[in-house]
Amino acid sequence: MKGMVLRVNPRWKSIVFLIAIIGILVLYPISRFSGSGNGSSQQNRVPGEDLGDSYLKERTYTQAVPFFDKLLESNPDHVEIRQKRDRSQEILELVNSLSVKGDIALGKKQREKAYDYFRQANELFPANPDNLLLRFQSAYEQDLVNSYLDLLTDVNTRWGLIKDEVRGGKQVTSKTITKRIKELYFLTREIKSQSLRISDIGAPEAVELYKNNKQTINSITDELKFYLMLPNLPSQEFRDIDVYTQNVQKIVQAFGLDSKAVREKYSFAELRRKYIELDILDW
């Protein structure tokens, strides 16, 4: 239509531009300098240049830059060597920029954005000794573990306040306590959900973080499982909120608030039988 102007979203312009830059920086050194070639280009080659070209092929730019710097010391006017060196340096600078942006995004909990930055950097420089994707995985999984620990601590604190009130004389079936137990229902569902994600962690730092807090995790989850606030098995699903609340109240009335002493006294099978006798609905 006459007079119509096609407007392009500025964000897409930036994305297209970045993709174009990545393509140029990755492909140019390989296509331009990796072949042996003939003619004047081949005649101007200097001893050792083949090794530098192999660095470009392998995209080991941290080795390429200092290597070409050495060649330039004895061949300061060699145009192609300088181009190879400059291209390698440009890629390293872009990778560093993407890495910084990824770290900033990760710090802001913008995981998808962080992953995208690290992925772009990894595509540019797959031989990077500071493996950005592994670093992202480590940071992400450590964040998962810390989030899980925070949630467990929150639930444990809330449950502790409920127990204090019951010890102080308030009935576990009172409106106030009932409301607070129901609030735990949603939090303990989230604990189960997060525990499934935690089971898949593989980064050494995240695994170590989990191991260092294993005793605390077990202490809290064992008590929650005793009062049927958490399933004993990952495959078990939560019952509705009213059954959940009634189970907690019945167990408190039957066994009290010292779950550790009760668990030491009875086996798991014996406890299950007692739950059945008390008409407590298991998972």
# chains A, B, ... in the order shown; residues from 1 in each chain; ligands from 1
>>> residues_around(residues="range 61-63 of chain A", least_positions_apart="4", cutoff="9 Å", atoms="only C-alpha atoms", output="list in words")
Gly52, Tyr55, Leu56, Phe67, Phe68, Arg85, Ser88, Gln89, Ile91, Leu92, Phe125, Ala127 and Asn128 of chain A
>>> write_last_selection(atoms="N, CA and C atoms", output="tab-separated table (two decimals), in the first residue's frame")
chain	number	residue	atom	x	y	z
A	52	GLY	N	48.70	-21.62	14.33
A	52	GLY	CA	47.73	-20.59	14.69
A	52	GLY	C	46.38	-20.84	14.04
A	55	TYR	N	44.42	-23.38	15.85
A	55	TYR	CA	43.73	-22.82	17.02
A	55	TYR	C	42.39	-22.20	16.61
A	56	LEU	N	42.39	-21.55	15.45
A	56	LEU	CA	41.14	-20.96	14.96
A	56	LEU	C	40.12	-22.03	14.61
A	67	PHE	N	49.43	-16.53	20.64
A	67	PHE	CA	50.27	-17.14	19.59
A	67	PHE	C	50.46	-16.16	18.44
A	68	PHE	N	49.37	-15.52	17.99
A	68	PHE	CA	49.49	-14.56	16.90
A	68	PHE	C	50.26	-13.31	17.35
A	85	ARG	N	44.47	-12.38	14.60
A	85	ARG	CA	44.63	-12.04	16.02
A	85	ARG	C	43.47	-11.16	16.50
A	88	SER	N	40.15	-13.07	16.78
A	88	SER	CA	40.15	-13.92	17.97
A	88	SER	C	39.88	-13.09	19.23
A	89	GLN	N	40.51	-11.92	19.29
A	89	GLN	CA	40.33	-11.04	20.45
A	89	GLN	C	38.89	-10.53	20.52
A	91	ILE	N	36.22	-12.05	19.52
A	91	ILE	CA	35.37	-13.14	20.01
A	91	ILE	C	35.50	-13.27	21.52
A	92	LEU	N	36.72	-13.21	22.02
A	92	LEU	CA	36.93	-13.31	23.47
A	92	LEU	C	36.23	-12.18	24.22
A	125	PHE	N	32.51	-19.86	21.82
A	125	PHE	CA	33.79	-20.32	22.36
A	125	PHE	C	33.58	-21.63	23.13
A	127	ALA	N	35.43	-24.11	23.43
A	127	ALA	CA	36.64	-24.60	24.10
A	127	ALA	C	36.99	-23.77	25.33
A	128	ASN	N	36.09	-22.89	25.73
A	128	ASN	CA	36.35	-22.03	26.89
A	128	ASN	C	36.62	-22.89	28.13
>>> residues_around(residues="range 109-115 of chain A", least_positions_apart="3", cutoff="12 Å", atoms="only C-alpha atoms", output="PyMOL selection string")
chain A and resi 98-106+118-122+132-141+143-144+147
>>> write_last_selection(atoms="C-alpha atoms", output="mmCIF file, in the first residue's frame")
data_model
loop_
_atom_site.group_PDB
_atom_site.id
_atom_site.type_symbol
_atom_site.label_atom_id
_atom_site.label_comp_id
_atom_site.auth_asym_id
_atom_site.auth_seq_id
_atom_site.Cartn_x
_atom_site.Cartn_y
_atom_site.Cartn_z
ATOM 1 C CA LEU A 98 27.887 -12.285 27.335
ATOM 2 C CA SER A 99 29.305 -13.976 30.419
ATOM 3 C CA VAL A 100 28.966 -10.792 32.482
ATOM 4 C CA LYS A 101 25.382 -10.315 31.286
ATOM 5 C CA GLY A 102 24.656 -13.934 32.185
ATOM 6 C CA ASP A 103 26.046 -13.487 35.681
ATOM 7 C CA ILE A 104 23.946 -10.345 36.183
ATOM 8 C CA ALA A 105 20.797 -12.117 34.982
ATOM 9 C CA LEU A 106 21.549 -15.090 37.219
ATOM 10 C CA PHE A 118 25.730 -18.443 28.482
ATOM 11 C CA ARG A 119 24.503 -20.539 25.551
ATOM 12 C CA GLN A 120 25.490 -17.824 23.058
ATOM 13 C CA ALA A 121 28.894 -17.493 24.703
ATOM 14 C CA ASN A 122 29.365 -21.256 24.612
ATOM 15 C CA LEU A 132 29.769 -21.264 31.093
ATOM 16 C CA LEU A 133 26.973 -23.809 30.788
ATOM 17 C CA LEU A 134 28.436 -25.901 33.584
ATOM 18 C CA ARG A 135 28.847 -22.757 35.640
ATOM 19 C CA PHE A 136 25.220 -21.906 34.990
ATOM 20 C CA GLN A 137 24.136 -25.412 35.976
ATOM 21 C CA SER A 138 26.120 -25.177 39.196
ATOM 22 C CA ALA A 139 24.706 -21.772 40.136
ATOM 23 C CA TYR A 140 21.176 -22.812 39.194
ATOM 24 C CA GLU A 141 21.301 -26.038 41.195
ATOM 25 C CA ASP A 143 20.015 -21.877 44.068
ATOM 26 C CA LEU A 144 17.540 -24.777 44.008
ATOM 27 C CA SER A 147 15.515 -22.361 48.019
#
>>> residues_around(residues="range 193-197 of chain A", least_positions_apart="3", cutoff="8 Å", atoms="only C-alpha atoms", output="MDAnalysis selection string")
chainID A and resid 144 148 189:190 200:201 234
>>> select_by_dssp(residues="range 120-222 of chain A", states="alpha helix (DSSP H)", output="ChimeraX atom specification")
/A:120-124,132-167,175-198,204-212,214-222
>>> write_last_selection(atoms="C-alpha atoms", output="short mmCIF file (atom, residue, chain, number, x, y, z; two decimals), in the first residue's frame")
data_model
loop_
_atom_site.label_atom_id
_atom_site.label_comp_id
_atom_site.auth_asym_id
_atom_site.auth_seq_id
_atom_site.Cartn_x
_atom_site.Cartn_y
_atom_site.Cartn_z
CA GLN A 120 25.49 -17.82 23.06
CA ALA A 121 28.89 -17.49 24.70
CA ASN A 122 29.37 -21.26 24.61
CA GLU A 123 28.50 -21.41 20.91
CA LEU A 124 31.11 -18.76 20.20
CA LEU A 132 29.77 -21.26 31.09
CA LEU A 133 26.97 -23.81 30.79
CA LEU A 134 28.44 -25.90 33.58
CA ARG A 135 28.85 -22.76 35.64
CA PHE A 136 25.22 -21.91 34.99
CA GLN A 137 24.14 -25.41 35.98
CA SER A 138 26.12 -25.18 39.20
CA ALA A 139 24.71 -21.77 40.14
CA TYR A 140 21.18 -22.81 39.19
CA GLU A 141 21.30 -26.04 41.20
CA GLN A 142 22.86 -24.37 44.23
CA ASP A 143 20.01 -21.88 44.07
CA LEU A 144 17.54 -24.78 44.01
CA VAL A 145 19.12 -26.32 47.11
CA ASN A 146 19.14 -23.00 48.96
CA SER A 147 15.52 -22.36 48.02
CA TYR A 148 14.60 -25.84 49.29
CA LEU A 149 16.44 -25.22 52.57
CA ASP A 150 14.71 -21.85 53.01
CA LEU A 151 11.32 -23.45 52.48
CA LEU A 152 12.05 -26.26 54.94
CA THR A 153 13.23 -23.73 57.52
CA ASP A 154 10.09 -21.65 57.05
CA VAL A 155 7.80 -24.67 57.49
CA ASN A 156 9.78 -25.90 60.48
CA THR A 157 9.52 -22.48 62.13
CA ARG A 158 5.76 -22.30 61.54
CA TRP A 159 5.28 -25.84 62.84
CA GLY A 160 7.37 -24.98 65.89
CA LEU A 161 5.06 -22.06 66.69
CA ILE A 162 2.03 -24.34 66.40
CA LYS A 163 3.62 -26.83 68.80
CA ASP A 164 4.44 -24.05 71.26
CA GLU A 165 0.81 -22.95 71.30
CA VAL A 166 -0.43 -26.51 71.83
CA ARG A 167 2.06 -27.01 74.64
CA LYS A 175 -9.84 -22.51 64.85
CA THR A 176 -6.50 -20.75 65.15
CA ILE A 177 -4.41 -23.93 65.04
CA THR A 178 -6.59 -25.45 62.32
CA LYS A 179 -6.02 -22.37 60.16
CA ARG A 180 -2.27 -22.53 60.68
CA ILE A 181 -2.10 -26.23 59.83
CA LYS A 182 -4.00 -25.52 56.63
CA GLU A 183 -1.42 -22.87 55.75
CA LEU A 184 1.26 -25.55 56.06
CA TYR A 185 -0.61 -27.69 53.53
CA PHE A 186 0.38 -25.45 50.62
CA LEU A 187 3.95 -25.03 51.82
CA THR A 188 4.51 -28.76 52.28
CA ARG A 189 3.14 -29.41 48.80
CA GLU A 190 5.83 -27.06 47.52
CA ILE A 191 8.43 -28.92 49.59
CA LYS A 192 7.50 -32.13 47.83
CA SER A 193 7.65 -30.45 44.43
CA GLN A 194 11.07 -28.97 45.14
CA SER A 195 12.39 -32.24 46.56
CA LEU A 196 11.71 -33.91 43.21
CA ARG A 197 13.78 -31.26 41.43
CA ILE A 198 16.52 -31.57 44.03
CA PRO A 204 29.38 -31.05 42.35
CA GLU A 205 28.96 -27.78 44.26
CA ALA A 206 25.20 -28.26 44.55
CA VAL A 207 25.58 -31.90 45.61
CA GLU A 208 28.10 -30.85 48.26
CA LEU A 209 25.77 -28.12 49.52
CA TYR A 210 22.97 -30.65 49.84
CA LYS A 211 25.21 -33.16 51.65
CA ASN A 212 26.37 -30.50 54.10
CA LYS A 214 21.52 -33.43 54.86
CA GLN A 215 21.19 -33.84 58.63
CA THR A 216 19.00 -30.74 58.93
CA ILE A 217 16.92 -31.78 55.92
CA ASN A 218 16.32 -35.27 57.32
CA SER A 219 15.47 -33.95 60.77
CA ILE A 220 12.76 -31.66 59.40
CA THR A 221 11.34 -33.99 56.76
CA ASP A 222 11.24 -36.98 59.13
#
>>> atom_distance(atom1="CA of Tyr275 in chain A", atom2="CA of Ser235 in chain A")
19.9 Å
>>> closest_residue(among="A:Phe238, A:Tyr244, A:Tyr117, A:Tyr227", to="Arg263 in chain A", atoms="only C-alpha atoms")
A:Tyr227
>>> atom_distance(atom1="CA of Asn232 in chain A", atom2="CA of Val172 in chain A")
23.1 Å
>>> residues_around(residues="Gln249 in chain A", least_positions_apart="3", cutoff="7 Å", atoms="only C-alpha atoms", output="PDB file with N, CA and C atoms, in the first residue's frame")
ATOM      1  N   VAL A 172      -5.374 -28.430  69.638  1.00  0.00           N
ATOM      2  CA  VAL A 172      -4.892 -28.574  68.272  1.00  0.00           C
ATOM      3  C   VAL A 172      -6.033 -28.471  67.263  1.00  0.00           C
ATOM      4  N   THR A 173      -7.270 -28.665  67.752  1.00  0.00           N
ATOM      5  CA  THR A 173      -8.438 -28.566  66.866  1.00  0.00           C
ATOM      6  C   THR A 173      -9.087 -27.181  66.901  1.00  0.00           C
ATOM      7  N   THR A 245      -5.374 -31.829  57.318  1.00  0.00           N
ATOM      8  CA  THR A 245      -5.467 -31.145  58.615  1.00  0.00           C
ATOM      9  C   THR A 245      -5.928 -32.097  59.710  1.00  0.00           C
ATOM     10  N   GLN A 246      -6.933 -32.903  59.406  1.00  0.00           N
ATOM     11  CA  GLN A 246      -7.452 -33.855  60.397  1.00  0.00           C
ATOM     12  C   GLN A 246      -6.400 -34.895  60.771  1.00  0.00           C
ATOM     13  N   VAL A 252      -1.322 -35.682  66.559  1.00  0.00           N
ATOM     14  CA  VAL A 252      -0.901 -34.899  67.728  1.00  0.00           C
ATOM     15  C   VAL A 252      -1.668 -35.364  68.968  1.00  0.00           C
ATOM     16  N   GLN A 253      -2.961 -35.576  68.817  1.00  0.00           N
ATOM     17  CA  GLN A 253      -3.776 -36.015  69.952  1.00  0.00           C
ATOM     18  C   GLN A 253      -3.368 -37.414  70.431  1.00  0.00           C
TER      19      GLN A 253
END
>>> decode(residues="range 43-74 of chain A", atoms="N, CA and C atoms", output="PDB file, in the first residue's frame")
ATOM      1  N   GLN A  43      51.961 -17.577  -0.340  1.00  0.00           N
ATOM      2  CA  GLN A  43      53.353 -17.142  -0.405  1.00  0.00           C
ATOM      3  C   GLN A  43      53.729 -16.275   0.785  1.00  0.00           C
ATOM      4  N   ASN A  44      52.737 -15.561   1.363  1.00  0.00           N
ATOM      5  CA  ASN A  44      53.016 -14.660   2.476  1.00  0.00           C
ATOM      6  C   ASN A  44      52.942 -15.341   3.836  1.00  0.00           C
ATOM      7  N   ARG A  45      52.675 -16.618   3.855  1.00  0.00           N
ATOM      8  CA  ARG A  45      52.556 -17.316   5.132  1.00  0.00           C
ATOM      9  C   ARG A  45      53.909 -17.384   5.813  1.00  0.00           C
ATOM     10  N   VAL A  46      53.879 -17.359   7.141  1.00  0.00           N
ATOM     11  CA  VAL A  46      55.127 -17.370   7.906  1.00  0.00           C
ATOM     12  C   VAL A  46      55.204 -18.665   8.704  1.00  0.00           C
ATOM     13  N   PRO A  47      56.390 -19.085   9.091  1.00  0.00           N
ATOM     14  CA  PRO A  47      56.533 -20.316   9.877  1.00  0.00           C
ATOM     15  C   PRO A  47      55.700 -20.247  11.160  1.00  0.00           C
ATOM     16  N   GLY A  48      54.966 -21.298  11.420  1.00  0.00           N
ATOM     17  CA  GLY A  48      54.140 -21.357  12.624  1.00  0.00           C
ATOM     18  C   GLY A  48      52.706 -20.930  12.413  1.00  0.00           C
ATOM     19  N   GLU A  49      52.419 -20.326  11.253  1.00  0.00           N
ATOM     20  CA  GLU A  49      51.066 -19.821  11.022  1.00  0.00           C
ATOM     21  C   GLU A  49      50.042 -20.954  10.964  1.00  0.00           C
ATOM     22  N   ASP A  50      50.475 -22.126  10.493  1.00  0.00           N
ATOM     23  CA  ASP A  50      49.561 -23.273  10.431  1.00  0.00           C
ATOM     24  C   ASP A  50      49.046 -23.653  11.817  1.00  0.00           C
ATOM     25  N   LEU A  51      49.925 -23.572  12.808  1.00  0.00           N
ATOM     26  CA  LEU A  51      49.508 -23.890  14.174  1.00  0.00           C
ATOM     27  C   LEU A  51      48.471 -22.877  14.655  1.00  0.00           C
ATOM     28  N   GLY A  52      48.698 -21.620  14.326  1.00  0.00           N
ATOM     29  CA  GLY A  52      47.726 -20.589  14.688  1.00  0.00           C
ATOM     30  C   GLY A  52      46.380 -20.843  14.039  1.00  0.00           C
ATOM     31  N   ASP A  53      46.412 -21.286  12.774  1.00  0.00           N
ATOM     32  CA  ASP A  53      45.163 -21.586  12.079  1.00  0.00           C
ATOM     33  C   ASP A  53      44.432 -22.767  12.722  1.00  0.00           C
ATOM     34  N   SER A  54      45.209 -23.710  13.250  1.00  0.00           N
ATOM     35  CA  SER A  54      44.572 -24.853  13.921  1.00  0.00           C
ATOM     36  C   SER A  54      43.853 -24.389  15.191  1.00  0.00           C
ATOM     37  N   TYR A  55      44.416 -23.376  15.853  1.00  0.00           N
ATOM     38  CA  TYR A  55      43.728 -22.815  17.020  1.00  0.00           C
ATOM     39  C   TYR A  55      42.387 -22.199  16.605  1.00  0.00           C
ATOM     40  N   LEU A  56      42.387 -21.554  15.445  1.00  0.00           N
ATOM     41  CA  LEU A  56      41.143 -20.955  14.958  1.00  0.00           C
ATOM     42  C   LEU A  56      40.121 -22.031  14.613  1.00  0.00           C
ATOM     43  N   LYS A  57      40.583 -23.101  13.977  1.00  0.00           N
ATOM     44  CA  LYS A  57      39.677 -24.199  13.631  1.00  0.00           C
ATOM     45  C   LYS A  57      39.051 -24.800  14.884  1.00  0.00           C
ATOM     46  N   GLU A  58      39.878 -24.958  15.898  1.00  0.00           N
ATOM     47  CA  GLU A  58      39.401 -25.562  17.150  1.00  0.00           C
ATOM     48  C   GLU A  58      38.708 -24.541  18.043  1.00  0.00           C
ATOM     49  N   ARG A  59      38.752 -23.278  17.627  1.00  0.00           N
ATOM     50  CA  ARG A  59      38.155 -22.161  18.374  1.00  0.00           C
ATOM     51  C   ARG A  59      38.724 -22.054  19.792  1.00  0.00           C
ATOM     52  N   THR A  60      40.013 -22.309  19.897  1.00  0.00           N
ATOM     53  CA  THR A  60      40.713 -22.123  21.173  1.00  0.00           C
ATOM     54  C   THR A  60      41.362 -20.734  21.144  1.00  0.00           C
ATOM     55  N   TYR A  61      40.508 -19.730  21.297  1.00  0.00           N
ATOM     56  CA  TYR A  61      40.943 -18.349  21.081  1.00  0.00           C
ATOM     57  C   TYR A  61      41.905 -17.841  22.151  1.00  0.00           C
ATOM     58  N   THR A  62      41.828 -18.399  23.340  1.00  0.00           N
ATOM     59  CA  THR A  62      42.766 -17.973  24.384  1.00  0.00           C
ATOM     60  C   THR A  62      44.191 -18.411  24.051  1.00  0.00           C
ATOM     61  N   GLN A  63      44.325 -19.413  23.213  1.00  0.00           N
ATOM     62  CA  GLN A  63      45.648 -19.816  22.733  1.00  0.00           C
ATOM     63  C   GLN A  63      46.013 -19.064  21.457  1.00  0.00           C
ATOM     64  N   ALA A  64      44.994 -18.784  20.647  1.00  0.00           N
ATOM     65  CA  ALA A  64      45.242 -18.120  19.362  1.00  0.00           C
ATOM     66  C   ALA A  64      45.796 -16.714  19.543  1.00  0.00           C
ATOM     67  N   VAL A  65      45.217 -15.931  20.449  1.00  0.00           N
ATOM     68  CA  VAL A  65      45.624 -14.529  20.600  1.00  0.00           C
ATOM     69  C   VAL A  65      47.100 -14.397  20.975  1.00  0.00           C
ATOM     70  N   PRO A  66      47.570 -15.039  22.053  1.00  0.00           N
ATOM     71  CA  PRO A  66      48.996 -14.891  22.389  1.00  0.00           C
ATOM     72  C   PRO A  66      49.916 -15.492  21.328  1.00  0.00           C
ATOM     73  N   PHE A  67      49.433 -16.535  20.635  1.00  0.00           N
ATOM     74  CA  PHE A  67      50.265 -17.138  19.591  1.00  0.00           C
ATOM     75  C   PHE A  67      50.463 -16.160  18.437  1.00  0.00           C
ATOM     76  N   PHE A  68      49.374 -15.525  17.989  1.00  0.00           N
ATOM     77  CA  PHE A  68      49.493 -14.558  16.898  1.00  0.00           C
ATOM     78  C   PHE A  68      50.262 -13.312  17.347  1.00  0.00           C
ATOM     79  N   ASP A  69      50.154 -12.968  18.619  1.00  0.00           N
ATOM     80  CA  ASP A  69      50.954 -11.853  19.142  1.00  0.00           C
ATOM     81  C   ASP A  69      52.445 -12.134  18.965  1.00  0.00           C
ATOM     82  N   LYS A  70      52.838 -13.377  19.212  1.00  0.00           N
ATOM     83  CA  LYS A  70      54.249 -13.749  19.054  1.00  0.00           C
ATOM     84  C   LYS A  70      54.676 -13.660  17.593  1.00  0.00           C
ATOM     85  N   LEU A  71      53.795 -14.145  16.708  1.00  0.00           N
ATOM     86  CA  LEU A  71      54.120 -14.073  15.281  1.00  0.00           C
ATOM     87  C   LEU A  71      54.251 -12.622  14.821  1.00  0.00           C
ATOM     88  N   LEU A  72      53.432 -11.753  15.393  1.00  0.00           N
ATOM     89  CA  LEU A  72      53.470 -10.341  14.996  1.00  0.00           C
ATOM     90  C   LEU A  72      54.731  -9.634  15.493  1.00  0.00           C
ATOM     91  N   GLU A  73      55.348 -10.171  16.532  1.00  0.00           N
ATOM     92  CA  GLU A  73      56.590  -9.562  17.012  1.00  0.00           C
ATOM     93  C   GLU A  73      57.666  -9.582  15.930  1.00  0.00           C
ATOM     94  N   SER A  74      57.697 -10.683  15.170  1.00  0.00           N
ATOM     95  CA  SER A  74      58.697 -10.785  14.099  1.00  0.00           C
ATOM     96  C   SER A  74      58.112 -10.437  12.731  1.00  0.00           C
TER      97      SER A  74
END
